[in-house]
Amino acid sequence: MAWQPEETGLRQILQLLKESQSPDTATQRNVQQKLEELNKYPDFNNYLIFVLTKLTSEDDPTRSLSGLILKNNVRAHFEKFPEEVTSFIKAECLNSIGDPSPLIRATIGILVTTIVSKGELRNWPELLPSLCTSLDSDDYNVCENLFFLATDEDTEVRKNVCRALVMLVEVRMDRLIPHINSIIEYMMLRTQDEDDSVALEACEFWLSLAEQPICKDVLTSHIERLIPILVKGMKYSEIDIILLKGDVEEDEMIPDKESDIKPRFHKSRTHSQKHQDADGDGEVSDDGFDDDDSLSDWNLNWEIKESGILVLGAIAEGCMNGMVPHLPELIPYLISCLSDKKALVRSITCWTLSRYAHWVVGQPHEMYLKPLMTELLKRVLDANKRVQEAACSAFATLEEEACTELVPYLGFILETLVYAFNKYQHKNLLILYDAIGTLADSVGHHLNKPDYVNMLMPPLIQKWNVLKDEDKDLFPLLEANMNSPDQFDPPDKDFMIVALDLLSGLAEGLEQHIETLVANSNILKLLFQCMQDPMPEVRQSSFALLGDLTKACFQHVKPCIGNDINPYIKLVLTQLIDIINRPNTPKTLLENTGKSTHAITIGRLGLVCPQEVAPMLQQFIRQWCTSLRNIRDNEEKDSAFRGVCHMINVNPGGVVQDFIFFCDAVASWNVPKQDLKEMFYKITGDKGKVLSEHSLMPVYTGATHRGWHRVRGGPAQRGASAIHSYPRGWFQKLYFLHQALAVMQLQNLDIFIAEGGSRHWEG
């Protein structure tokens, strides 16, 4: 049964509250003495919260005074409260947080912040879920108290308010919209908080808000003030420089501490490097800037220069279209910054340049790729460990983007990476292994030459031999090894994962030559067990190995999976279509899973079971094309496009409405195989054979300022004659555009251009 006050005790406390409002000094002294005596009784604080939240027969000032006395008791004696008293007070606060009286709501807000600051948010797990639930109410009195907490002077309270707002943005954005302008103003203030920990919590708000579809609408009116605040915060403070040892330029001979070694990945992170600055007033200082606009004449304090380069890297992804006109001037300047005398400038420049690697690879090699590669490799051998790390990671990104474009420079690249083996301390060796593995993935068989093998393998084998079987440095070195566990000990999941990955690499590299290993081992039986492991990472690597073994030696896999996959097609396909069409998928999820992976899977299903998949073609073809138009030529893309061509042959009507997207995806190919090229031509060229045979291709002849005159019936004569007059080339882009415009009825061209398709038709 819930706690209830005794009538006598309640009357005494009410009398005390009345007396405490007396202006008489003697009376006030007497009240203070009685309060100190009452604090010796554990349930005194229960009476105080009861008066505040339940005793609506009393006037608001008396109830509020009871809450303020309780607040003082919490501040002075909270750790001595019995658990049942603490629980009762917390429950009553949550139940009354939407009280009709503004004074009572304010008092409860003060009490809540005091409890949180004294007992920490983690000791009140019910608070935030309760606030989230309360937001479902149409009573905005509930919302008001959350914002009241925001004005508290206590650092921990301000941090917890920021965390709460981030959580609410992620789960109940709809309930915040009526207050969003006030929230944005508050978070801009907290982003400049004098306490770094509060400012960092506030920064998480902008990251969460950026993932919301409504972000642009709600931020537009604030953006001119927000951007300077964020940029100001990206400059290193004096304490940052001290902690980062920014004055140390050469430290390559200093051994790493084991505590410094953490997992690192060269791929871009959603939340990139965080710079802190305790000094922020929302205005960007121009100290150190010259009036000359030329990049080559910048004369900056190095901290400002470093933060400016960081900004350029941070905006690369979201503002690429706006940046492209400036890159011919900007990239050479950034390359020159790789030789800056300050290590922190050199390291951040490596990262920023990696963000523009895709653009660099698409330009003439002599102008950008070769200078960038040369300077990055110099930084790989830098005397500063931080620069080594940044350069290695940046070069791995460049390897992924350039792929076989790096083949002419393999000798120079390998010489540098092998030399780095003798310079690097423990931590950077792990990153070096990753760069070498990425290089192998990117250039493939081009690395399989005696000169390259003889250059690269000796240092790798030497490192391999000095590591113990249980040493986890084996993971990045040659993608791991496997330590056979004692039969009574549970397997080390990390070793399971990397062992599965190593087997996948062997299957992919050896292809059919791995058949002997599979035939003479229980690998498939063990693989079946791994597929049922409770850890998702183990299952993921297991299914990847199954796929590689299926390609390499299907004769051994087939008995384990049965003869007919048709019954499972609809089940799998429905889920894949749902994922590929899902709107507003969080960016972090896309980076981890990738819609292109799901699109490739759909294409491969169509390759083996076109009759079963083709009827659903119209449900996914647009997103399918959009997902695969941006990935480079490889075997996965090849098999996916073959599958979709088979599906179009079975169900031509499924592509008609989105034919222009298919043309755009086809035009993304650089060098398709000859038989795949012929599949494309059968669908899009040769009078649109597949579509015209099914009377689905609109036909046009003649030209006016509006486009093509439609001719009802008959073959596409205009297209047939035009195709032979265009310059020879496998995709005949102009003809594709003609066919696509025919299907899209001309008026939807603006949609095509808006979605980025026009880039393939330029010129």
# chains A, B, ... in the order shown; residues from 1 in each chain; ligands from 1

call {"tool": "residues_around", "arguments": {"residues": "Ile648 in chain A", "least_positions_apart": "5", "cutoff": "12 Å", "atoms": "only C-alpha atoms", "output": "PyMOL selection string"}}
result
chain A and resi 603+606-607+610-611+613-618+621+641-643+653-656+658-659+662+679-680+682-684+689-691+694+696

call {"tool": "residues_around", "arguments": {"residues": "range 302-315 of chain A", "least_positions_apart": "2", "cutoff": "7 Å", "atoms": "only C-alpha atoms", "output": "VMD selection string"}}
result
chain A and resid 234 to 236 300 317 to 319 345 348 to 349 352 355

call {"tool": "residues_around", "arguments": {"residues": "Asn422 in chain A", "least_positions_apart": "2", "cutoff": "12 Å", "atoms": "only C-alpha atoms", "output": "short mmCIF file (atom, residue, chain, number, x, y, z; two decimals) with C-alpha atoms, in the first residue's frame"}}
result
data_model
loop_
_atom_site.label_atom_id
_atom_site.label_comp_id
_atom_site.auth_asym_id
_atom_site.auth_seq_id
_atom_site.Cartn_x
_atom_site.Cartn_y
_atom_site.Cartn_z
CA GLU A 252 58.32 7.72 -34.34
CA MET A 253 60.97 6.19 -32.09
CA LEU A 381 56.89 7.57 -43.83
CA GLU A 415 58.44 -0.02 -51.80
CA THR A 416 56.98 2.63 -49.50
CA LEU A 417 54.67 0.29 -47.57
CA VAL A 418 57.41 -2.31 -47.09
CA TYR A 419 59.82 0.36 -45.84
CA ALA A 420 57.18 1.43 -43.32
CA TYR A 424 56.24 1.79 -37.45
CA GLN A 425 55.50 1.14 -33.80
CA HIS A 426 52.83 -1.36 -32.71
CA ASN A 428 50.45 1.94 -36.72
CA LEU A 429 51.55 -1.51 -37.85
CA LEU A 432 49.63 -0.64 -42.22
CA PRO A 459 58.24 -8.74 -44.04
CA LEU A 460 54.73 -10.15 -43.69
CA GLN A 462 58.55 -12.29 -40.59
CA LYS A 463 55.81 -10.56 -38.61
#

call {"tool": "atom_distance", "arguments": {"atom1": "CA of Ile497 in chain A", "atom2": "CA of Gln540 in chain A"}}
result
8.7 Å

call {"tool": "select_by_dssp", "arguments": {"residues": "range 280-402 of chain A", "states": "helix (DSSP H, G or I)", "output": "ChimeraX atom specification"}}
result
/A:295-297,302-314,320-337,343-355,357-361,365-380,385-402

call {"tool": "closest_residue", "arguments": {"among": "A:Gln388, A:Thr374, A:Gln619, A:Ser627", "to": "Phe412 in chain A", "atoms": "only C-alpha atoms"}}
result
A:Thr374

call {"tool": "residues_around", "arguments": {"residues": "Glu6 in chain A", "least_positions_apart": "4", "cutoff": "12 Å", "atoms": "only C-alpha atoms", "output": "PyMOL selection string"}}
result
chain A and resi 10-13+43-44+46-47+50

call {"tool": "write_last_selection", "arguments": {"atoms": "N, CA, C and O atoms", "output": "tab-separated table (two decimals), in the first residue's frame"}}
result
chain	number	residue	atom	x	y	z
A	10	LEU	N	0.59	15.86	9.47
A	10	LEU	CA	0.35	16.73	8.33
A	10	LEU	C	-0.02	18.15	8.78
A	10	LEU	O	0.46	19.15	8.23
A	11	ARG	N	-0.87	18.23	9.84
A	11	ARG	CA	-1.27	19.54	10.35
A	11	ARG	C	-0.07	20.31	10.92
A	11	ARG	O	0.06	21.52	10.73
A	12	GLN	N	0.82	19.57	11.61
A	12	GLN	CA	2.00	20.22	12.18
A	12	GLN	C	2.90	20.81	11.08
A	12	GLN	O	3.41	21.93	11.21
A	13	ILE	N	3.08	20.05	10.01
A	13	ILE	CA	3.95	20.51	8.92
A	13	ILE	C	3.31	21.69	8.19
A	13	ILE	O	3.98	22.66	7.82
A	43	ASP	N	10.51	9.84	7.42
A	43	ASP	CA	9.38	10.10	6.53
A	43	ASP	C	9.00	11.58	6.47
A	43	ASP	O	7.99	11.95	5.87
A	44	PHE	N	9.81	12.46	7.07
A	44	PHE	CA	9.53	13.89	6.99
A	44	PHE	C	9.49	14.35	5.52
A	44	PHE	O	8.62	15.13	5.11
A	46	ASN	N	8.69	12.58	3.00
A	46	ASN	CA	7.46	12.10	2.38
A	46	ASN	C	6.32	13.11	2.56
A	46	ASN	O	5.51	13.34	1.65
A	47	TYR	N	6.25	13.69	3.77
A	47	TYR	CA	5.23	14.72	4.02
A	47	TYR	C	5.42	15.91	3.08
A	47	TYR	O	4.47	16.47	2.54
A	50	PHE	N	4.33	15.09	-0.38
A	50	PHE	CA	2.88	14.94	-0.37
A	50	PHE	C	2.20	16.31	-0.44
A	50	PHE	O	1.25	16.51	-1.21

call {"tool": "atom_distance", "arguments": {"atom1": "CA of Cys560 in chain A", "atom2": "CA of Leu545 in chain A"}}
result
14.1 Å

call {"tool": "residues_around", "arguments": {"residues": "Gln512 in chain A", "least_positions_apart": "6", "cutoff": "9 Å", "atoms": "only C-alpha atoms", "output": "ChimeraX atom specification"}}
result
/A:549,551-553
